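The file protein_35.pdb contains PDB, C-alpha atoms:
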MODEL        1
ATOM      1  CA  MET A  29      19.143  61.238  20.914
ATOM      2  CA  THR A  30      17.223  64.372  21.824
ATOM      3  CA  ASN A  31      15.737  65.080  25.248
ATOM      4  CA  ASN A  32      13.264  67.681  23.993
ATOM      5  CA  ILE A  33      10.350  65.214  23.798
ATOM      6  CA  LYS A  34       8.781  64.300  27.136
ATOM      7  CA  LYS A  35       5.098  63.816  26.268
ATOM      8  CA  LEU A  36       3.826  61.958  23.240
ATOM      9  CA  GLY A  37       0.348  62.060  21.703
ATOM     10  CA  LEU A  38      -0.966  59.031  19.797
ATOM     11  CA  LEU A  39      -4.000  58.757  17.518
ATOM     12  CA  THR A  40      -5.580  56.555  14.869
ATOM     13  CA  SER A  41      -7.426  58.260  12.047
ATOM     14  CA  GLY A  42      -9.489  57.424   8.970
ATOM     15  CA  GLY A  43     -10.592  53.894   8.205
ATOM     16  CA  ASP A  44      -9.665  51.221  10.737
ATOM     17  CA  SER A  45      -7.379  48.361   9.743
ATOM     18  CA  PRO A  46      -6.392  45.102  11.447
ATOM     19  CA  GLY A  47      -3.116  45.632  13.280
ATOM     20  CA  MET A  48      -3.748  49.162  14.502
ATOM     21  CA  ASN A  49      -3.988  47.885  18.084
ATOM     22  CA  ALA A  50      -0.669  46.088  17.726
ATOM     23  CA  ALA A  51       0.868  49.376  16.562
ATOM     24  CA  ILE A  52      -0.701  51.253  19.487
ATOM     25  CA  ARG A  53       0.763  48.684  21.876
ATOM     26  CA  ALA A  54       4.227  49.026  20.349
ATOM     27  CA  VAL A  55       4.178  52.838  20.482
ATOM     28  CA  VAL A  56       2.955  53.009  24.088
ATOM     29  CA  ARG A  57       5.390  50.449  25.444
ATOM     30  CA  THR A  58       8.384  51.803  23.529
ATOM     31  CA  ALA A  59       7.616  55.343  24.679
ATOM     32  CA  ILE A  60       7.222  54.365  28.331
ATOM     33  CA  TYR A  61      10.412  52.273  28.168
ATOM     34  CA  ASN A  62      12.178  55.473  27.063
ATOM     35  CA  ASP A  63      10.689  57.480  29.963
ATOM     36  CA  LEU A  64       8.102  59.317  27.841
ATOM     37  CA  GLN A  65       4.560  60.016  28.964
ATOM     38  CA  VAL A  66       1.959  58.889  26.437
ATOM     39  CA  PHE A  67      -1.440  60.441  25.784
ATOM     40  CA  GLY A  68      -4.053  58.574  23.791
ATOM     41  CA  ILE A  69      -6.138  60.850  21.550
ATOM     42  CA  TYR A  70      -9.524  59.264  20.917
ATOM     43  CA  ARG A  71     -11.440  59.472  17.607
ATOM     44  CA  GLY A  72      -8.554  60.847  15.585
ATOM     45  CA  TYR A  73      -8.365  64.517  14.656
ATOM     46  CA  GLN A  74     -11.935  65.105  15.810
ATOM     47  CA  GLY A  75     -11.004  63.903  19.275
ATOM     48  CA  MET A  76      -7.956  66.157  19.210
ATOM     49  CA  ILE A  77     -10.216  69.131  18.504
ATOM     50  CA  GLU A  78     -12.629  68.180  21.283
ATOM     51  CA  GLY A  79      -9.956  67.353  23.840
ATOM     52  CA  GLU A  80     -10.579  63.610  24.136
ATOM     53  CA  ILE A  81      -7.040  63.077  25.382
ATOM     54  CA  THR A  82      -6.144  60.608  28.144
ATOM     55  CA  PRO A  83      -2.837  59.434  29.686
ATOM     56  CA  MET A  84      -1.945  55.842  28.808
ATOM     57  CA  GLN A  85      -0.059  53.226  30.801
ATOM     58  CA  THR A  86       1.525  49.933  29.824
ATOM     59  CA  THR A  87      -1.459  48.052  31.253
ATOM     60  CA  ASP A  88      -3.831  49.946  28.929
ATOM     61  CA  VAL A  89      -2.390  48.094  25.947
ATOM     62  CA  ALA A  90      -2.231  44.625  27.478
ATOM     63  CA  ASN A  91      -3.989  41.868  25.520
ATOM     64  CA  ILE A  92      -4.936  44.043  22.531
ATOM     65  CA  MET A  93      -2.575  43.056  19.716
ATOM     66  CA  GLN A  94      -4.819  40.191  18.550
ATOM     67  CA  ARG A  95      -7.878  42.435  18.333
ATOM     68  CA  GLY A  96      -9.078  44.143  15.183
ATOM     69  CA  GLY A  97     -10.229  47.759  15.083
ATOM     70  CA  THR A  98      -8.585  50.332  17.339
ATOM     71  CA  ILE A  99      -8.989  50.901  21.069
ATOM     72  CA  LEU A 100      -8.435  54.617  20.442
ATOM     73  CA  LYS A 101     -11.439  54.705  18.096
ATOM     74  CA  THR A 102     -11.224  56.533  14.793
ATOM     75  CA  ALA A 103     -13.146  59.101  12.779
ATOM     76  CA  ARG A 104     -12.981  61.304   9.717
ATOM     77  CA  SER A 105     -13.075  64.961  10.705
ATOM     78  CA  LYS A 106     -14.428  67.711   8.455
ATOM     79  CA  ASP A 107     -13.747  70.220  11.231
ATOM     80  CA  PHE A 108     -10.026  69.486  11.071
ATOM     81  CA  MET A 109     -10.006  70.610   7.445
ATOM     82  CA  THR A 110     -10.838  74.182   8.547
ATOM     83  CA  ASP A 111      -8.504  76.829  10.006
ATOM     84  CA  GLU A 112     -10.681  77.043  13.122
ATOM     85  CA  GLY A 113     -10.602  73.280  13.636
ATOM     86  CA  MET A 114      -6.835  73.122  13.303
ATOM     87  CA  LYS A 115      -6.455  75.959  15.774
ATOM     88  CA  LYS A 116      -8.630  74.158  18.340
ATOM     89  CA  ALA A 117      -6.620  70.981  17.847
ATOM     90  CA  TYR A 118      -3.382  72.876  18.387
ATOM     91  CA  GLU A 119      -4.725  74.491  21.550
ATOM     92  CA  GLN A 120      -5.620  71.079  22.966
ATOM     93  CA  VAL A 121      -2.163  69.735  22.172
ATOM     94  CA  ARG A 122      -0.522  72.674  23.927
ATOM     95  CA  GLN A 123      -2.922  72.430  26.889
ATOM     96  CA  HIS A 124      -1.768  68.857  27.505
ATOM     97  CA  SER A 125       1.894  69.847  26.972
ATOM     98  CA  ILE A 126       2.265  67.281  24.207
ATOM     99  CA  ASP A 127       5.644  67.643  22.508
ATOM    100  CA  ALA A 128       5.213  65.274  19.557
ATOM    101  CA  LEU A 129       2.634  63.098  17.843
ATOM    102  CA  VAL A 130       2.458  59.621  16.341
ATOM    103  CA  LEU A 131      -0.275  59.231  13.734
ATOM    104  CA  ILE A 132      -1.569  55.854  12.562
ATOM    105  CA  GLY A 133      -3.666  56.012   9.403
ATOM    106  CA  GLY A 134      -3.771  56.296   5.647
ATOM    107  CA  ASP A 135      -3.761  58.871   2.890
ATOM    108  CA  GLY A 136      -6.274  61.238   4.509
ATOM    109  CA  THR A 137      -4.419  61.113   7.827
ATOM    110  CA  PHE A 138      -1.170  62.260   6.257
ATOM    111  CA  ARG A 139      -2.840  64.911   4.103
ATOM    112  CA  GLY A 140      -4.248  66.461   7.270
ATOM    113  CA  ALA A 141      -0.946  66.039   9.075
ATOM    114  CA  ASN A 142       1.001  67.745   6.316
ATOM    115  CA  LYS A 143      -1.142  70.891   6.530
ATOM    116  CA  PHE A 144      -1.388  70.930  10.329
ATOM    117  CA  PHE A 145       2.277  70.455  11.064
ATOM    118  CA  GLU A 146       3.451  72.891   8.407
ATOM    119  CA  ARG A 147       1.356  75.494  10.219
ATOM    120  CA  TYR A 148       2.160  74.652  13.843
ATOM    121  CA  ASN A 149       5.501  72.847  13.520
ATOM    122  CA  ILE A 150       4.853  70.126  16.086
ATOM    123  CA  PRO A 151       7.150  67.106  15.573
ATOM    124  CA  ALA A 152       5.224  64.159  14.178
ATOM    125  CA  VAL A 153       5.767  60.799  12.537
ATOM    126  CA  GLY A 154       3.261  58.618  10.735
ATOM    127  CA  ILE A 155       2.593  54.878  10.645
ATOM    128  CA  PRO A 156       0.769  53.529   7.563
ATOM    129  CA  GLY A 157      -2.417  51.837   8.764
ATOM    130  CA  THR A 158      -4.762  51.154   5.843
ATOM    131  CA  ILE A 159      -6.075  48.018   4.163
ATOM    132  CA  ASP A 160      -5.746  49.654   0.717
ATOM    133  CA  LYS A 161      -1.911  49.725   0.578
ATOM    134  CA  ASP A 162      -2.208  52.985  -1.366
ATOM    135  CA  LEU A 163       0.741  54.938   0.043
ATOM    136  CA  LEU A 164       4.137  55.684  -1.419
ATOM    137  CA  GLY A 165       7.160  55.019   0.766
ATOM    138  CA  THR A 166       6.317  51.492   1.881
ATOM    139  CA  ASP A 167       5.995  48.045   0.350
ATOM    140  CA  THR A 168       2.935  47.299   2.436
ATOM    141  CA  THR A 169       0.676  48.825   5.075
ATOM    142  CA  ILE A 170      -0.729  47.614   8.373
ATOM    143  CA  GLY A 171      -3.969  45.749   7.667
ATOM    144  CA  PHE A 172      -3.439  44.935   4.006
ATOM    145  CA  ASP A 173      -2.277  41.359   4.544
ATOM    146  CA  THR A 174      -5.219  40.578   6.823
ATOM    147  CA  ALA A 175      -7.760  42.189   4.495
ATOM    148  CA  ALA A 176      -6.386  40.352   1.465
ATOM    149  CA  ASN A 177      -6.487  37.043   3.335
ATOM    150  CA  THR A 178     -10.059  37.720   4.461
ATOM    151  CA  ALA A 179     -11.018  38.289   0.824
ATOM    152  CA  VAL A 180      -9.226  35.126  -0.300
ATOM    153  CA  GLU A 181     -11.014  33.040   2.326
ATOM    154  CA  ALA A 182     -14.377  34.440   1.223
ATOM    155  CA  ILE A 183     -13.666  33.937  -2.492
ATOM    156  CA  ASP A 184     -12.572  30.336  -1.880
ATOM    157  CA  LYS A 185     -15.933  29.658  -0.220
ATOM    158  CA  ILE A 186     -17.802  31.395  -3.032
ATOM    159  CA  ARG A 187     -15.996  29.197  -5.554
ATOM    160  CA  ASP A 188     -17.332  26.084  -3.804
ATOM    161  CA  THR A 189     -20.872  27.265  -4.518
ATOM    162  CA  ALA A 190     -19.960  28.395  -8.018
ATOM    163  CA  GLU A 191     -18.572  24.921  -8.792
ATOM    164  CA  ALA A 192     -21.630  23.199  -7.344
ATOM    165  CA  HIS A 193     -24.103  25.229  -9.430
ATOM    166  CA  ASP A 194     -22.067  26.223 -12.521
ATOM    167  CA  ARG A 195     -22.472  29.881 -11.609
ATOM    168  CA  LEU A 196     -20.706  33.110 -12.391
ATOM    169  CA  PHE A 197     -19.944  35.269  -9.362
ATOM    170  CA  VAL A 198     -18.968  38.914  -9.446
ATOM    171  CA  VAL A 199     -17.157  39.504  -6.136
ATOM    172  CA  GLU A 200     -16.608  43.123  -5.126
ATOM    173  CA  VAL A 201     -13.770  43.839  -2.717
ATOM    174  CA  MET A 202     -12.674  47.090  -1.124
ATOM    175  CA  GLY A 203     -10.339  49.466  -2.926
ATOM    176  CA  ARG A 204     -12.046  52.644  -4.066
ATOM    177  CA  ASP A 205      -8.958  54.131  -5.709
ATOM    178  CA  ALA A 206      -6.443  51.295  -5.404
ATOM    179  CA  GLY A 207      -6.745  47.756  -6.716
ATOM    180  CA  PHE A 208      -4.233  45.943  -4.510
ATOM    181  CA  ILE A 209      -6.788  43.894  -2.546
ATOM    182  CA  ALA A 210      -8.536  42.836  -5.754
ATOM    183  CA  LEU A 211      -5.234  42.058  -7.457
ATOM    184  CA  HIS A 212      -3.762  39.982  -4.636
ATOM    185  CA  SER A 213      -6.952  38.182  -3.609
ATOM    186  CA  GLY A 214      -7.902  37.536  -7.233
ATOM    187  CA  LEU A 215      -4.515  36.050  -8.086
ATOM    188  CA  ALA A 216      -4.417  34.008  -4.873
ATOM    189  CA  SER A 217      -7.898  32.543  -5.452
ATOM    190  CA  GLY A 218      -7.481  31.830  -9.164
ATOM    191  CA  ALA A 219     -10.121  34.308 -10.314
ATOM    192  CA  GLU A 220     -11.084  34.126 -13.982
ATOM    193  CA  ASP A 221     -10.874  37.928 -14.245
ATOM    194  CA  ILE A 222      -9.726  40.817 -12.065
ATOM    195  CA  LEU A 223     -10.896  44.393 -12.557
ATOM    196  CA  ILE A 224      -8.939  47.188 -10.900
ATOM    197  CA  PRO A 225      -8.819  50.989 -11.294
ATOM    198  CA  GLU A 226      -5.174  50.932 -12.398
ATOM    199  CA  GLN A 227      -5.913  48.862 -15.507
ATOM    200  CA  LYS A 228      -8.192  50.447 -18.100
ATOM    201  CA  ARG A 229     -10.621  47.835 -19.399
ATOM    202  CA  ASP A 230     -13.593  47.868 -21.734
ATOM    203  CA  ILE A 231     -16.662  45.980 -20.526
ATOM    204  CA  GLU A 232     -16.853  44.421 -23.983
ATOM    205  CA  ASP A 233     -13.513  42.746 -23.308
ATOM    206  CA  VAL A 234     -14.881  41.232 -20.099
ATOM    207  CA  LEU A 235     -18.046  40.029 -21.851
ATOM    208  CA  CYS A 236     -16.095  38.515 -24.740
ATOM    209  CA  ARG A 237     -13.957  36.519 -22.326
ATOM    210  CA  ILE A 238     -17.070  35.159 -20.625
ATOM    211  CA  ASP A 239     -18.540  34.222 -24.015
ATOM    212  CA  LYS A 240     -15.298  32.485 -24.992
ATOM    213  CA  ASP A 241     -15.247  30.501 -21.742
ATOM    214  CA  GLU A 242     -18.877  29.460 -22.181
ATOM    215  CA  ARG A 243     -18.177  28.243 -25.696
ATOM    216  CA  ARG A 244     -15.392  26.010 -24.424
ATOM    217  CA  LYS A 245     -17.691  24.665 -21.693
ATOM    218  CA  LYS A 246     -16.059  26.509 -18.818
ATOM    219  CA  HIS A 247     -19.141  27.263 -16.740
ATOM    220  CA  VAL A 248     -17.576  28.517 -13.512
ATOM    221  CA  HIS A 249     -16.400  32.127 -13.376
ATOM    222  CA  ILE A 250     -15.155  34.266 -10.510
ATOM    223  CA  ILE A 251     -14.680  37.935 -11.404
ATOM    224  CA  VAL A 252     -13.035  40.000  -8.659
ATOM    225  CA  VAL A 253     -13.757  43.723  -8.882
ATOM    226  CA  SER A 254     -12.482  46.705  -6.887
ATOM    227  CA  GLU A 255     -15.453  48.613  -5.499
ATOM    228  CA  HIS A 256     -14.941  51.650  -7.742
ATOM    229  CA  ASP A 257     -12.944  50.288 -10.623
ATOM    230  CA  GLU A 258     -12.905  51.917 -14.050
ATOM    231  CA  LEU A 259     -16.081  50.069 -15.087
ATOM    232  CA  GLY A 260     -18.095  51.202 -12.082
ATOM    233  CA  GLY A 261     -17.701  48.519  -9.451
ATOM    234  CA  GLY A 262     -19.406  45.194  -8.887
ATOM    235  CA  GLN A 263     -22.999  46.270  -9.471
ATOM    236  CA  LYS A 264     -22.378  47.747 -12.909
ATOM    237  CA  VAL A 265     -20.276  44.786 -14.003
ATOM    238  CA  PHE A 266     -23.018  42.439 -12.796
ATOM    239  CA  ASP A 267     -25.713  44.440 -14.641
ATOM    240  CA  SER A 268     -23.720  44.343 -17.881
ATOM    241  CA  ILE A 269     -23.258  40.575 -17.645
ATOM    242  CA  LYS A 270     -26.960  39.966 -16.939
ATOM    243  CA  THR A 271     -27.939  42.141 -19.899
ATOM    244  CA  ARG A 272     -25.648  40.274 -22.316
ATOM    245  CA  PHE A 273     -26.160  36.783 -20.837
ATOM    246  CA  PRO A 274     -29.666  36.707 -19.302
ATOM    247  CA  ASP A 275     -29.689  32.901 -19.072
ATOM    248  CA  LEU A 276     -26.351  32.679 -17.290
ATOM    249  CA  ASP A 277     -26.697  31.971 -13.559
ATOM    250  CA  THR A 278     -24.934  35.097 -12.297
ATOM    251  CA  ARG A 279     -24.678  36.396  -8.725
ATOM    252  CA  LEU A 280     -23.179  39.475  -7.116
ATOM    253  CA  CYS A 281     -21.387  39.255  -3.773
ATOM    254  CA  ILE A 282     -20.134  42.440  -2.094
ATOM    255  CA  LEU A 283     -17.704  41.557   0.683
ATOM    256  CA  GLY A 284     -17.787  45.028   2.245
ATOM    257  CA  HIS A 285     -16.569  45.761   5.743
ATOM    258  CA  ILE A 286     -15.698  42.204   6.756
ATOM    259  CA  GLN A 287     -12.350  43.040   5.142
ATOM    260  CA  ARG A 288     -11.677  45.724   7.758
ATOM    261  CA  GLY A 289     -12.312  43.605  10.832
ATOM    262  CA  GLY A 290     -10.933  40.460  12.364
ATOM    263  CA  SER A 291      -7.799  39.413  14.171
ATOM    264  CA  PRO A 292      -4.690  40.688  12.355
ATOM    265  CA  SER A 293      -2.413  38.209  10.615
ATOM    266  CA  CYS A 294       1.070  37.379  11.881
ATOM    267  CA  ALA A 295       2.544  39.565   9.128
ATOM    268  CA  ASP A 296       0.439  42.581  10.166
ATOM    269  CA  ARG A 297       1.271  42.132  13.849
ATOM    270  CA  VAL A 298       5.005  41.980  13.168
ATOM    271  CA  LEU A 299       4.803  44.973  10.809
ATOM    272  CA  ALA A 300       2.843  46.970  13.390
ATOM    273  CA  GLY A 301       5.378  46.144  16.088
ATOM    274  CA  ARG A 302       8.350  47.172  13.966
ATOM    275  CA  LEU A 303       6.774  50.441  12.829
ATOM    276  CA  GLY A 304       5.374  51.312  16.270
ATOM    277  CA  TYR A 305       8.756  50.818  17.885
ATOM    278  CA  GLY A 306      10.460  52.607  15.003
ATOM    279  CA  ALA A 307       8.139  55.617  15.220
ATOM    280  CA  VAL A 308       9.095  56.413  18.795
ATOM    281  CA  MET A 309      12.782  55.864  18.122
ATOM    282  CA  ALA A 310      12.586  58.106  15.050
ATOM    283  CA  LEU A 311      11.187  60.976  17.123
ATOM    284  CA  LEU A 312      13.869  60.505  19.781
ATOM    285  CA  GLN A 313      16.485  60.655  17.040
ATOM    286  CA  GLY A 314      15.130  63.973  15.759
ATOM    287  CA  LYS A 315      13.222  62.721  12.715
ATOM    288  CA  THR A 316       9.925  64.482  12.064
ATOM    289  CA  GLN A 317       7.206  65.044   9.450
ATOM    290  CA  VAL A 318       7.891  61.614   7.985
ATOM    291  CA  MET A 319       5.989  58.377   7.528
ATOM    292  CA  LEU A 320       7.744  55.159   8.449
ATOM    293  CA  GLY A 321       7.433  52.346   5.949
ATOM    294  CA  MET A 322       9.028  49.015   5.119
ATOM    295  CA  ILE A 323      11.029  48.802   1.880
ATOM    296  CA  ASN A 324      12.915  45.580   1.101
ATOM    297  CA  GLY A 325      12.614  44.531   4.729
ATOM    298  CA  ALA A 326      14.101  47.702   6.214
ATOM    299  CA  ILE A 327      12.461  50.752   7.773
ATOM    300  CA  ALA A 328      12.341  53.740   5.421
ATOM    301  CA  TYR A 329      11.385  57.357   6.110
ATOM    302  CA  THR A 330       9.332  59.348   3.597
ATOM    303  CA  PRO A 331       8.279  63.005   4.067
ATOM    304  CA  PHE A 332       4.516  63.439   4.442
ATOM    305  CA  SER A 333       4.419  65.583   1.303
ATOM    306  CA  ASN A 334       5.932  62.788  -0.796
ATOM    307  CA  VAL A 335       3.711  60.073   0.639
ATOM    308  CA  ILE A 336       0.536  61.784  -0.533
ATOM    309  CA  LYS A 337       1.879  63.175  -3.805
ATOM    310  CA  SER A 338       0.670  60.258  -5.944
ATOM    311  CA  GLU A 339      -0.565  56.689  -5.704
ATOM    312  CA  PRO A 340       1.870  53.759  -5.774
ATOM    313  CA  PRO A 341       1.811  52.095  -9.184
ATOM    314  CA  ILE A 342       1.056  48.458  -9.905
ATOM    315  CA  SER A 343       3.892  47.031 -11.984
ATOM    316  CA  ASP A 344       3.370  46.113 -15.616
ATOM    317  CA  ASP A 345       4.463  42.573 -14.766
ATOM    318  CA  MET A 346       1.626  42.224 -12.270
ATOM    319  CA  LEU A 347      -0.903  43.584 -14.760
ATOM    320  CA  GLN A 348       0.336  41.143 -17.403
ATOM    321  CA  MET A 349       0.134  38.319 -14.895
ATOM    322  CA  ILE A 350      -3.599  38.984 -14.475
ATOM    323  CA  ARG A 351      -4.047  38.311 -18.187
ATOM    324  CA  VAL A 352      -1.911  35.181 -18.290
ATOM    325  CA  LEU A 353      -3.039  33.416 -15.128
ATOM    326  CA  SER A 354      -6.752  34.129 -15.540
ATOM    327  CA  SER A 355      -6.861  32.909 -19.148
TER     328      SER A 355
ENDMDL
END
Step by step, read the file and then write its structure as structure tokens.
Amino acid sequence: MTNNIKKLGLLTSGGDSPGMNAAIRAVVRTAIYNDLQVFGIYRGYQGMIEGEITPMQTTDVANIMQRGGTILKTARSKDFMTDEGMKKAYEQVRQHSIDALVLIGGDGTFRGANKFFERYNIPAVGIPGTIDKDLLGTDTTIGFDTAANTAVEAIDKIRDTAEAHDRLFVVEVMGRDAGFIALHSGLASGAEDILIPEQKRDIEDVLCRIDKDERRKKHVHIIVVSEHDELGGGQKVFDSIKTRFPDLDTRLCILGHIQRGGSPSCADRVLAGRLGYGAVMALLQGKTQVMLGMINGAIAYTPFSNVIKSEPPISDDMLQMIRVLSS
């Protein structure tokens, strides 16, 4: 272990995800156990620029792991994307004598980190906190399990109404560039079709499947759509269906930000604890500029540059399963 790190900065950045507070708790308590002083940086990189930096104690993270959101707040910072903003952030870090940073966030967080730490060479490790599960170097991310379960619960309730009225529902879930929430929640709720950005589909294919189901007297349809899938998201899919089938009782339901909030699942709390603890230990062992992830049940370390290089693929088997199980 290295003794060079005495003061640790901690921030959450980008979109919030259930389990971030559990990760904060794990980082703070592991750091203090190892005789490190911890500083909470509020509102992500923007708070770093503006000096919103406060010492944290063990009691500050008591009774938070079951809460959604993040006690450190979060924000997306345009200022941090500029040379001047990065310089101000660096000056604040040095002013507080912070030796290393732990960053909890998603793709945008690590893109910013990669540029900042290449320039100023401050040791840093990342923890994947995003409901989208759109990062290389990990099998899952903090918040994904909770968000997917929130979507499943909502879709199950929507199906009750669909069954009662013989309706078609287009349900839009989050996932602007990644279809994992749609894929998992759609499969788990028995959706009749799932539309995701990773699978190129023609709207005519979707409409033909609806027509086929109607002809065989299958009057209940749930179509789960990622918010910005290849066909344009829930609204455009809904409009196309209404144009082709004006007499079909069709409704659009956009789940929106309910998928971000709520108490994190057991899986997300355990994941957050393992990665939060692992992040501090990684820094003490000299690891830096890496994101911690879980691969096959074990902690893995991936350089920031590799994490953000491309999006994790959805396997061909999973894409084929959509076809088979929704038929």
Quick one: contact table of segment 77-194 of chain A to segment 340-349 of chain A, 8 Å max, nearest atom pair and distance in Å to one decimal per residue, counting only C-alpha atoms, chain and number order, as a tab-separated table?
residue	atom	partner	partner_atom	distance
A:Asp162	CA	A:Pro340	CA	6.1
A:Leu163	CA	A:Pro340	CA	6.0
A:Leu164	CA	A:Pro340	CA	5.3
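If only C-alpha atoms are the atoms counted, then among A:Met319, A:Cys281, A:Val121, A:Met114 the closest residue to Arg147 of chain A is A:Met114.
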query: Between atom CA of Leu196 of chain A and atom CA of His285 of chain A, what is the distance, to one decimal in Å?
result: 22.5 Å
- prompt: Contacts of segment 300-302 of chain A at 12 Å or less, counting all atoms listed in the file, minus same-chain residues fewer than 4 places along, as an MDAnalysis selection string?
  reply: chainID A and resid 45:58 93:94 132:133 154:158 168:173 292:296 306:310 320:322 325:328
Atomic distance atom CA of Ile92 of chain A - atom CA of Phe138 of chain A, expressed in Å with one decimal: 24.7 Å
Residues matched by the PyMOL selection byres ((chain A and resi 263) around 10) as a PDB file with C-alpha atoms, in the frame of the given file:
ATOM      1  CA  VAL A 198     -18.968  38.914  -9.446  1.00  0.00           C
ATOM      2  CA  VAL A 199     -17.157  39.504  -6.136  1.00  0.00           C
ATOM      3  CA  GLU A 200     -16.608  43.123  -5.126  1.00  0.00           C
ATOM      4  CA  VAL A 253     -13.757  43.723  -8.882  1.00  0.00           C
ATOM      5  CA  GLU A 255     -15.453  48.613  -5.499  1.00  0.00           C
ATOM      6  CA  HIS A 256     -14.941  51.650  -7.742  1.00  0.00           C
ATOM      7  CA  LEU A 259     -16.081  50.069 -15.087  1.00  0.00           C
ATOM      8  CA  GLY A 260     -18.095  51.202 -12.082  1.00  0.00           C
ATOM      9  CA  GLY A 261     -17.701  48.519  -9.451  1.00  0.00           C
ATOM     10  CA  GLY A 262     -19.406  45.194  -8.887  1.00  0.00           C
ATOM     11  CA  LYS A 264     -22.378  47.747 -12.909  1.00  0.00           C
ATOM     12  CA  VAL A 265     -20.276  44.786 -14.003  1.00  0.00           C
ATOM     13  CA  PHE A 266     -23.018  42.439 -12.796  1.00  0.00           C
ATOM     14  CA  ASP A 267     -25.713  44.440 -14.641  1.00  0.00           C
ATOM     15  CA  SER A 268     -23.720  44.343 -17.881  1.00  0.00           C
ATOM     16  CA  ILE A 269     -23.258  40.575 -17.645  1.00  0.00           C
ATOM     17  CA  LEU A 280     -23.179  39.475  -7.116  1.00  0.00           C
ATOM     18  CA  CYS A 281     -21.387  39.255  -3.773  1.00  0.00           C
ATOM     19  CA  ILE A 282     -20.134  42.440  -2.094  1.00  0.00           C
TER      20      ILE A 282
END
- prompt: Quick one: which residues end up in the PyMOL selection byres ((chain A and resi 63) around 12) for this structure, as a VMD selection string?
  reply: chain A and resid 31 33 to 36 56 to 62 64 to 66 85 to 86 308 312
- request: Write out as a PyMOL selection string the residues lying within 12 Å of Ile250 of chain A, counting all atoms listed in the file and excluding same-chain residues fewer than 6 positions away.
  value: chain A and resi 180+182-191+194-200+210+213-215+217-223+234+238+241+262+266+278-281+354
Would you write out, as a compact mmCIF listing (two decimals) with C-alpha atoms, in the frame of the given file, every residue that the PyMOL selection byres ((chain A and resi 100) around 7) captures in this file?
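Printed below is expr.txt as written:
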# COMPACT_ATOMS: atom_id res chain seq x y z
CA LEU A 39 -4.00 58.76 17.52
CA THR A 40 -5.58 56.56 14.87
CA GLY A 68 -4.05 58.57 23.79
CA ILE A 69 -6.14 60.85 21.55
CA TYR A 70 -9.52 59.26 20.92
CA ARG A 71 -11.44 59.47 17.61
CA THR A 98 -8.59 50.33 17.34
CA ILE A 99 -8.99 50.90 21.07
CA LYS A 101 -11.44 54.70 18.10
CA THR A 102 -11.22 56.53 14.79
Please give the centre and size of the box around segment 317-328 of chain A (axis-aligned, containing every atom listed in the file, 8 Å added per side), with values in Å to one decimal and written as JSON.
{"center_x": 10.0, "center_y": 54.8, "center_z": 5.3, "size_x": 24.1, "size_y": 36.5, "size_z": 24.3}
task: Work out how far atom CA of Leu311 of chain A is from atom CA of Pro151 of chain A, in Å to one decimal.
output: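 Distance reported for this atom pair: 7.5 Å.
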Considering all atoms listed in the file, return as an mmCIF file with C-alpha atoms, in the coordinates of the input whatever protein or nucleic-acid residues lie within 8 Å of Thr178 of chain A, sequence-local ones (same chain, fewer than 3 positions apart) excluded.
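Saved as selection.cif:
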data_model
loop_
_atom_site.group_PDB
_atom_site.id
_atom_site.type_symbol
_atom_site.label_atom_id
_atom_site.label_comp_id
_atom_site.auth_asym_id
_atom_site.auth_seq_id
_atom_site.Cartn_x
_atom_site.Cartn_y
_atom_site.Cartn_z
ATOM 1 C CA THR A 174 -5.219 40.578 6.823
ATOM 2 C CA ALA A 175 -7.760 42.189 4.495
ATOM 3 C CA GLU A 181 -11.014 33.040 2.326
ATOM 4 C CA ALA A 182 -14.377 34.440 1.223
ATOM 5 C CA ILE A 286 -15.698 42.204 6.756
ATOM 6 C CA GLN A 287 -12.350 43.040 5.142
#
query: Please, which residues are within 10 Å of (-8.4, 60.7, 31.0) by the file's coordinates, counting only C-alpha atoms, and could they come as JSON, numbers by chain?
result: {"A": [67, 68, 69, 79, 80, 81, 82, 83, 84]}
- prompt: Out of A:Lys143, A:Cys236, A:Arg229, A:Leu129, which residue has the shortest atom-to-atom distance to Lys315 of chain A when counting all atoms listed in the file?
  reply: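 The shortest atom-to-atom distance to Lys315 of chain A comes from A:Leu129.
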query: For Gln227 of chain A, which of A:Ser254, A:Gly134, A:Glu242, A:Gly97 is the closest residue, counting only C-alpha atoms?
result: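 The shortest atom-to-atom distance to Gln227 of chain A comes from A:Ser254.
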message: I'd like the neighbourhood of Phe108 of chain A as a list in words, where a residue qualifies if any of its atoms comes within 10 Å (using only C-alpha atoms), though same-chain residues fewer than 3 positions away should be ignored.
response: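 That gives Gly72, Tyr73, Gln74, Gly75, Met76, Ile77, Arg104, Ser105, Asp111, Glu112, Gly113, Met114, Lys115, Lys116, Ala117, Gly140, Ala141 and Phe144 of chain A.
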Restricting the output to C-alpha atoms, write the selected residues as a tab-separated table (two decimals), in the coordinates of the input.
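The resulting file, result-v2.tsv, is reproduced below:
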chain	number	residue	atom	x	y	z
A	72	GLY	CA	-8.55	60.85	15.58
A	73	TYR	CA	-8.36	64.52	14.66
A	74	GLN	CA	-11.94	65.10	15.81
A	75	GLY	CA	-11.00	63.90	19.27
A	76	MET	CA	-7.96	66.16	19.21
A	77	ILE	CA	-10.22	69.13	18.50
A	104	ARG	CA	-12.98	61.30	9.72
A	105	SER	CA	-13.08	64.96	10.70
A	111	ASP	CA	-8.50	76.83	10.01
A	112	GLU	CA	-10.68	77.04	13.12
A	113	GLY	CA	-10.60	73.28	13.64
A	114	MET	CA	-6.84	73.12	13.30
A	115	LYS	CA	-6.46	75.96	15.77
A	116	LYS	CA	-8.63	74.16	18.34
A	117	ALA	CA	-6.62	70.98	17.85
A	140	GLY	CA	-4.25	66.46	7.27
A	141	ALA	CA	-0.95	66.04	9.07
A	144	PHE	CA	-1.39	70.93	10.33
